[in-house]
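Colleague: What follows is a structure written as structure tokens; I'll ask about it next.
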Amino acid sequence: MSVKVRMAPSPTGFLHIGSVRTFVFNWLFARQRAGECLLRIENTDTSREVAEAVDQIQESLRWLGIDWDGPVTFQLDTAERARELARELVEKGHAYEDEGAIRFRQPKEGVVAWDDAVRGHIEFRNELLPDLVIVRSDGRPTYNFVSPVDDMVDRITHVIRGDDHVSNTPSQINILRALGAELPVYAHVPMINGADGRKLSKRHGAISVENFRADGYLPAALMNFLALLGWSFDDRTTIMAKHELVERFSLERVVPSPATFDYQKLDWMNGVYLRDLQPDEYAHFLCKWLEEQGIDWPQEMVHATAPLVQEKIEKFAQYPDFARFFFEPVDPPEDLDAGICQAAADRLAGVEPWAATAIEESLRDLADELGQKPRQAFAPIRVAVTGSKVSPGLFESLELLGRETSLARLTAVAA
Ligand code: GLU
């Protein structure tokens, strides 16, 4: 049987990373089974804010590498059909009018149960379910009605959604039964918490896809990381390319307990992905990111710096501070050892060729002659040239900066 799932974001502001993780599960599941993955926007109005959020949602998903089948649909567009079905339910005695609204009549006896693909068997006693409003008195159908109706009409086979919806499911099942619809499989996937065990929110750090994009994570790394929030392939494998995730994903291995969003693990993972890129790919992604951030450093120079930074940073957001000295003048502190800097300048003036190995050799000789440990002697030189104690490799940096700039920075300290 071919599967069909839907990603159903509510268009309220930016896309929360928790929703995105749930969409990743939907998408992996559909792609693995060569099924369909719909994008349904659960809007309740058509304001400009909603339109902007919808653009943003699509942009975020595309960036992450998640696509969908067919046109984007809108919950509001199916409101008329939902009203008609509500009237049918009234005619059949499954719903009734109540002060202008329409209420669904829950079965009064027995239980409503389903075998959740993640949480196992779940049941609710019908007598505890209140008759719920399905169409408000102003004619607007409610979420708990339109959502299962859309699932029915779209022939959704698997409803994969956050477990905050578990309590909606018994009513949605009763509604689908009253409509004579086949039930989809439900899979309620765990929530995502911060390290403190509380629901992931801005307090913890970045939470929207846009935040992560701006911090310079690679989409493939973020997708890999998100896939592991509540799912695992085995107990060992962490790094998995998109096609491996598609191959390996299964709802059976999604756990019901909340997942913890570990920012350090994401940074580590992103570093692995970054180091794994070919240098020209790396430079390409870096240039794109810089452009998105409105930083217009010359591309050629950015390309040249790539091999010097690739091993050292875990996300592109670290690049501007780390590599700024290649593009902008530095402002080293006043208390640098001017003597060493001048001696280094004198020495470097005659180095041939101007290349990292020759530069290294001459600076090591200098340290020797001064009776200093290299690390001690190089520290002020590094700060004079890069403006910082932490930098890419000193000799490679000097080579790339060029003799003229390097000497100028060293003598500026001595002046
Ligand atoms: N719009 C709901 C949400 O964002 C999803 C509802 C569903 O998947 O049924 O949580």
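Chain lettering (A, B, ...) mirrors the order of the structure tokens, residue numbering begins at 1 for each chain separately, and ligand numbering begins at 1 in order of display.
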Mind checking which residues fall within 7 Å of region 5-19 of chain A, counting only C-alpha atoms, ignoring those fewer than 2 positions away in the same chain, and posting them as a PyMOL selection string?
Modeller: chain A and resi 3+21-23+26+30+36-43+50+53-54+56-57+156-159+192+207-209
Colleague: Using only C-alpha atoms, determine which residues lie at most 8 Å from region 148-155 of chain A, disregarding the query and same-chain residues fewer than 5 positions distant; provide the list as number ranges by chain.
Modeller: A: 4, 75, 78, 82, 172-173, 175-176, 181-182
Colleague: Write the residues of the selection above to a file with all heavy atoms, as a PDB file, in the first residue's frame.
Modeller:
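For reference, out-v5.pdb as written:
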```pdb
ATOM      1  N   LYS A   4       0.649   7.953   2.453  1.00  0.00           N
ATOM      2  CA  LYS A   4       0.440   9.375   2.211  1.00  0.00           C
ATOM      3  C   LYS A   4       0.404  10.084   3.568  1.00  0.00           C
ATOM      4  O   LYS A   4      -0.390   9.707   4.433  1.00  0.00           O
ATOM      5  CB  LYS A   4      -0.885   9.563   1.483  1.00  0.00           C
ATOM      6  CG  LYS A   4      -1.014  10.883   0.765  1.00  0.00           C
ATOM      7  CD  LYS A   4      -2.260  10.839  -0.091  1.00  0.00           C
ATOM      8  CE  LYS A   4      -2.397  12.066  -0.943  1.00  0.00           C
ATOM      9  NZ  LYS A   4      -3.684  12.092  -1.655  1.00  0.00           N
ATOM     10  N   GLN A  75      -6.012  24.940   5.154  1.00  0.00           N
ATOM     11  CA  GLN A  75      -7.157  24.434   5.896  1.00  0.00           C
ATOM     12  C   GLN A  75      -8.411  25.301   5.676  1.00  0.00           C
ATOM     13  O   GLN A  75      -9.511  24.784   5.555  1.00  0.00           O
ATOM     14  CB  GLN A  75      -6.810  24.388   7.382  1.00  0.00           C
ATOM     15  CG  GLN A  75      -7.868  23.733   8.212  1.00  0.00           C
ATOM     16  CD  GLN A  75      -7.342  23.420   9.614  1.00  0.00           C
ATOM     17  OE1 GLN A  75      -7.233  24.280  10.467  1.00  0.00           O
ATOM     18  NE2 GLN A  75      -6.997  22.193   9.836  1.00  0.00           N
ATOM     19  N   THR A  78     -10.915  24.556   2.911  1.00  0.00           N
ATOM     20  CA  THR A  78     -11.807  23.400   2.967  1.00  0.00           C
ATOM     21  C   THR A  78     -12.924  23.606   3.993  1.00  0.00           C
ATOM     22  O   THR A  78     -13.664  22.678   4.324  1.00  0.00           O
ATOM     23  CB  THR A  78     -11.027  22.111   3.312  1.00  0.00           C
ATOM     24  OG1 THR A  78     -10.390  22.281   4.577  1.00  0.00           O
ATOM     25  CG2 THR A  78      -9.964  21.807   2.269  1.00  0.00           C
ATOM     26  N   ALA A  82     -16.238  21.296   5.118  1.00  0.00           N
ATOM     27  CA  ALA A  82     -16.389  20.872   6.515  1.00  0.00           C
ATOM     28  C   ALA A  82     -17.780  21.244   7.037  1.00  0.00           C
ATOM     29  O   ALA A  82     -18.424  20.450   7.734  1.00  0.00           O
ATOM     30  CB  ALA A  82     -15.295  21.507   7.373  1.00  0.00           C
ATOM     31  N   GLN A 172     -11.088  12.906  17.179  1.00  0.00           N
ATOM     32  CA  GLN A 172     -10.915  12.865  15.718  1.00  0.00           C
ATOM     33  C   GLN A 172     -11.272  11.484  15.166  1.00  0.00           C
ATOM     34  O   GLN A 172     -11.855  11.362  14.092  1.00  0.00           O
ATOM     35  CB  GLN A 172      -9.478  13.266  15.352  1.00  0.00           C
ATOM     36  CG  GLN A 172      -9.182  14.723  15.751  1.00  0.00           C
ATOM     37  CD  GLN A 172      -7.833  15.231  15.258  1.00  0.00           C
ATOM     38  OE1 GLN A 172      -7.113  14.538  14.543  1.00  0.00           O
ATOM     39  NE2 GLN A 172      -7.495  16.459  15.645  1.00  0.00           N
ATOM     40  N   ILE A 173     -10.951  10.454  15.947  1.00  0.00           N
ATOM     41  CA  ILE A 173     -11.321   9.097  15.514  1.00  0.00           C
ATOM     42  C   ILE A 173     -12.839   8.921  15.525  1.00  0.00           C
ATOM     43  O   ILE A 173     -13.433   8.416  14.568  1.00  0.00           O
ATOM     44  CB  ILE A 173     -10.658   8.033  16.424  1.00  0.00           C
ATOM     45  CG1 ILE A 173      -9.150   7.987  16.142  1.00  0.00           C
ATOM     46  CG2 ILE A 173     -11.290   6.659  16.233  1.00  0.00           C
ATOM     47  CD1 ILE A 173      -8.377   6.992  17.020  1.00  0.00           C
ATOM     48  N   ILE A 175     -15.047  11.185  15.162  1.00  0.00           N
ATOM     49  CA  ILE A 175     -15.586  11.968  14.042  1.00  0.00           C
ATOM     50  C   ILE A 175     -15.416  11.191  12.726  1.00  0.00           C
ATOM     51  O   ILE A 175     -16.351  11.071  11.928  1.00  0.00           O
ATOM     52  CB  ILE A 175     -14.896  13.357  13.980  1.00  0.00           C
ATOM     53  CG1 ILE A 175     -15.422  14.232  15.128  1.00  0.00           C
ATOM     54  CG2 ILE A 175     -15.128  14.023  12.627  1.00  0.00           C
ATOM     55  CD1 ILE A 175     -14.668  15.530  15.331  1.00  0.00           C
ATOM     56  N   LEU A 176     -14.228  10.652  12.525  1.00  0.00           N
ATOM     57  CA  LEU A 176     -13.991   9.898  11.285  1.00  0.00           C
ATOM     58  C   LEU A 176     -14.930   8.697  11.186  1.00  0.00           C
ATOM     59  O   LEU A 176     -15.468   8.392  10.124  1.00  0.00           O
ATOM     60  CB  LEU A 176     -12.520   9.450  11.211  1.00  0.00           C
ATOM     61  CG  LEU A 176     -11.523  10.578  10.900  1.00  0.00           C
ATOM     62  CD1 LEU A 176     -10.078  10.080  11.049  1.00  0.00           C
ATOM     63  CD2 LEU A 176     -11.737  11.133   9.493  1.00  0.00           C
ATOM     64  N   ALA A 181     -15.448   7.089   7.581  1.00  0.00           N
ATOM     65  CA  ALA A 181     -14.118   7.087   6.950  1.00  0.00           C
ATOM     66  C   ALA A 181     -13.253   5.971   7.509  1.00  0.00           C
ATOM     67  O   ALA A 181     -13.463   5.493   8.629  1.00  0.00           O
ATOM     68  CB  ALA A 181     -13.433   8.424   7.187  1.00  0.00           C
ATOM     69  N   GLU A 182     -12.267   5.577   6.703  1.00  0.00           N
ATOM     70  CA  GLU A 182     -11.255   4.658   7.212  1.00  0.00           C
ATOM     71  C   GLU A 182     -10.302   5.438   8.101  1.00  0.00           C
ATOM     72  O   GLU A 182     -10.025   6.602   7.843  1.00  0.00           O
ATOM     73  CB  GLU A 182     -10.452   4.083   6.051  1.00  0.00           C
ATOM     74  CG  GLU A 182     -10.953   2.735   5.604  1.00  0.00           C
ATOM     75  CD  GLU A 182     -10.148   2.247   4.421  1.00  0.00           C
ATOM     76  OE1 GLU A 182      -8.912   2.129   4.551  1.00  0.00           O
ATOM     77  OE2 GLU A 182     -10.768   2.024   3.362  1.00  0.00           O
TER      78      GLU A 182
END
```
Colleague: Show me, as a list of chain:residue names, the residues that have an atom within 7 Å of Leu410 (chain A) when counting only C-alpha atoms, minus same-chain residues fewer than 6 positions from it.
Modeller: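 These residues fall inside the cut-off: A:Cys341, A:Gln342, A:Ala345, A:Ala384, A:Val385.
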Colleague: Those selected residues, please, written with N, CA and C atoms and delivered as a PDB file, in the first residue's frame.
Modeller:
```
ATOM      1  N   CYS A 341      57.922  41.830  18.062  1.00  0.00           N
ATOM      2  CA  CYS A 341      57.205  42.126  16.822  1.00  0.00           C
ATOM      3  C   CYS A 341      58.148  42.784  15.811  1.00  0.00           C
ATOM      4  N   GLN A 342      58.979  43.715  16.308  1.00  0.00           N
ATOM      5  CA  GLN A 342      59.920  44.384  15.404  1.00  0.00           C
ATOM      6  C   GLN A 342      60.951  43.382  14.868  1.00  0.00           C
ATOM      7  N   ALA A 345      59.378  41.358  12.282  1.00  0.00           N
ATOM      8  CA  ALA A 345      59.226  42.125  11.042  1.00  0.00           C
ATOM      9  C   ALA A 345      60.549  42.155  10.278  1.00  0.00           C
ATOM     10  N   ALA A 384      49.486  40.532  17.057  1.00  0.00           N
ATOM     11  CA  ALA A 384      49.756  41.712  16.238  1.00  0.00           C
ATOM     12  C   ALA A 384      49.165  41.564  14.835  1.00  0.00           C
ATOM     13  N   VAL A 385      49.245  40.349  14.318  1.00  0.00           N
ATOM     14  CA  VAL A 385      48.846  40.142  12.921  1.00  0.00           C
ATOM     15  C   VAL A 385      47.351  39.838  12.787  1.00  0.00           C
TER      16      VAL A 385
END
```
Colleague: Write down as a ChimeraX atom specification the residues of region 66-245 of chain A whose backbone DSSP state falls under alpha helix (DSSP H).
Modeller: /A:79-91,143-153,169-178,209-214,219-227,242-245
Colleague: What lies within 10 Å of Val24 (chain A) using only C-alpha atoms, ignoring chain neighbours under 3 positions off, as a ChimeraX atom specification?
Modeller: /A:7,18-21,27-30,61,64-66,223-224,226-227,245-246
Colleague: Would you save the residues of that selection, restricted to N, CA, C and O atoms, as a tab-separated table (two decimals), in the first residue's frame?
Modeller:
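This is the output file out-v2.tsv:
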```
chain	number	residue	atom	x	y	z
A	7	MET	N	2.37	17.26	6.26
A	7	MET	CA	3.02	18.14	7.23
A	7	MET	C	2.03	19.28	7.42
A	7	MET	O	1.59	19.88	6.44
A	18	GLY	N	10.88	22.11	16.61
A	18	GLY	CA	10.15	20.90	17.00
A	18	GLY	C	9.18	20.45	15.91
A	18	GLY	O	9.09	19.25	15.60
A	19	SER	N	8.47	21.40	15.33
A	19	SER	CA	7.58	21.05	14.22
A	19	SER	C	8.39	20.51	13.06
A	19	SER	O	7.99	19.55	12.39
A	20	VAL	N	9.55	21.12	12.84
A	20	VAL	CA	10.37	20.71	11.71
A	20	VAL	C	10.85	19.27	11.89
A	20	VAL	O	10.88	18.48	10.96
A	21	ARG	N	11.23	18.93	13.13
A	21	ARG	CA	11.64	17.54	13.40
A	21	ARG	C	10.50	16.59	13.03
A	21	ARG	O	10.71	15.54	12.41
A	27	TRP	N	8.54	13.26	6.28
A	27	TRP	CA	9.19	13.27	4.97
A	27	TRP	C	10.02	12.00	4.75
A	27	TRP	O	9.93	11.36	3.69
A	28	LEU	N	10.81	11.62	5.77
A	28	LEU	CA	11.63	10.41	5.64
A	28	LEU	C	10.75	9.19	5.42
A	28	LEU	O	11.03	8.34	4.58
A	29	PHE	N	9.66	9.15	6.18
A	29	PHE	CA	8.73	8.01	6.08
A	29	PHE	C	8.15	7.92	4.67
A	29	PHE	O	8.13	6.85	4.05
A	30	ALA	N	7.68	9.06	4.15
A	30	ALA	CA	7.06	9.06	2.82
A	30	ALA	C	8.08	8.73	1.74
A	30	ALA	O	7.81	7.93	0.84
A	61	LEU	N	11.65	24.97	4.78
A	61	LEU	CA	11.64	23.55	4.43
A	61	LEU	C	12.53	23.30	3.22
A	61	LEU	O	13.31	22.34	3.19
A	64	LEU	N	16.13	23.30	4.11
A	64	LEU	CA	16.52	22.09	4.83
A	64	LEU	C	16.58	20.87	3.90
A	64	LEU	O	17.20	19.86	4.24
A	65	GLY	N	15.95	20.98	2.75
A	65	GLY	CA	15.97	19.86	1.80
A	65	GLY	C	14.72	18.99	1.89
A	65	GLY	O	14.74	17.83	1.50
A	66	ILE	N	13.64	19.57	2.41
A	66	ILE	CA	12.38	18.83	2.50
A	66	ILE	C	11.46	19.35	1.39
A	66	ILE	O	11.20	20.55	1.32
A	223	MET	N	19.48	18.36	9.34
A	223	MET	CA	18.53	17.28	9.05
A	223	MET	C	18.94	16.00	9.79
A	223	MET	O	18.12	15.33	10.41
A	224	ASN	N	20.21	15.66	9.73
A	224	ASN	CA	20.75	14.49	10.41
A	224	ASN	C	20.48	14.59	11.92
A	224	ASN	O	19.97	13.66	12.56
A	226	LEU	N	18.24	16.47	13.51
A	226	LEU	CA	16.80	16.44	13.82
A	226	LEU	C	16.25	15.02	13.74
A	226	LEU	O	15.42	14.61	14.56
A	227	ALA	N	16.74	14.26	12.75
A	227	ALA	CA	16.24	12.88	12.58
A	227	ALA	C	16.51	12.06	13.84
A	227	ALA	O	15.77	11.13	14.16
A	245	LEU	N	19.37	8.26	5.76
A	245	LEU	CA	18.23	8.46	6.65
A	245	LEU	C	16.96	7.95	5.98
A	245	LEU	O	16.13	7.28	6.61
A	246	VAL	N	16.81	8.29	4.71
A	246	VAL	CA	15.62	7.84	3.98
A	246	VAL	C	15.56	6.31	3.97
A	246	VAL	O	14.51	5.71	4.21
```
Colleague: Measuring atom to atom with only C-alpha atoms, identify which of A:Glu252, A:Glu334, A:Glu311, A:Glu399 is nearest to Tyr273 (chain A).
Modeller: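 Closest candidate: A:Glu311.
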Colleague: So, counting only C-alpha atoms and all ligand atoms, which residue among A:Pro258, A:Pro184, A:Pro392, A:Gly205 is closest to ligand 1?
Modeller: A:Pro184
Colleague: Of the residues A:Pro353, A:Gly216, A:Gly230, A:Pro333, which is the one nearest to Trp289 (chain A), using only C-alpha atoms?
Modeller: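 Closest residue, counting only C-alpha atoms: A:Gly216.
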Colleague: For Ser250 (chain A), which residue out of A:Asp331, A:Asp337, A:Asp234, A:Glu281 is the nearest one, using only C-alpha atoms?
Modeller: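 Of A:Asp331, A:Asp337, A:Asp234, A:Glu281, the one nearest Ser250 (chain A), counting only C-alpha atoms, is A:Asp234.
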Colleague: Which of these residues is nearest to ligand 1, using only C-alpha atoms and all ligand atoms: A:His94, A:Arg364, A:Arg105, A:His188?
Modeller: A:His188
Colleague: Using only C-alpha atoms, which residues sit within 9 Å of region 269-271 of chain A once same-chain residues fewer than 6 positions away are excluded, as JSON, numbers by chain?
Modeller: {"A": [217, 218, 220, 221, 222, 224, 225, 238, 239, 310, 311, 312, 313, 314, 315]}
Colleague: List as a VMD selection string the protein and nucleic acid residues near Thr405 (chain A), meaning an atom at most 12 Å away when only C-alpha atoms are counted, but skip any in the same chain fewer than 3 places from it.
Modeller: chain A and resid 325 to 330 345 348 to 349 384 to 386 397 to 402 408 to 412
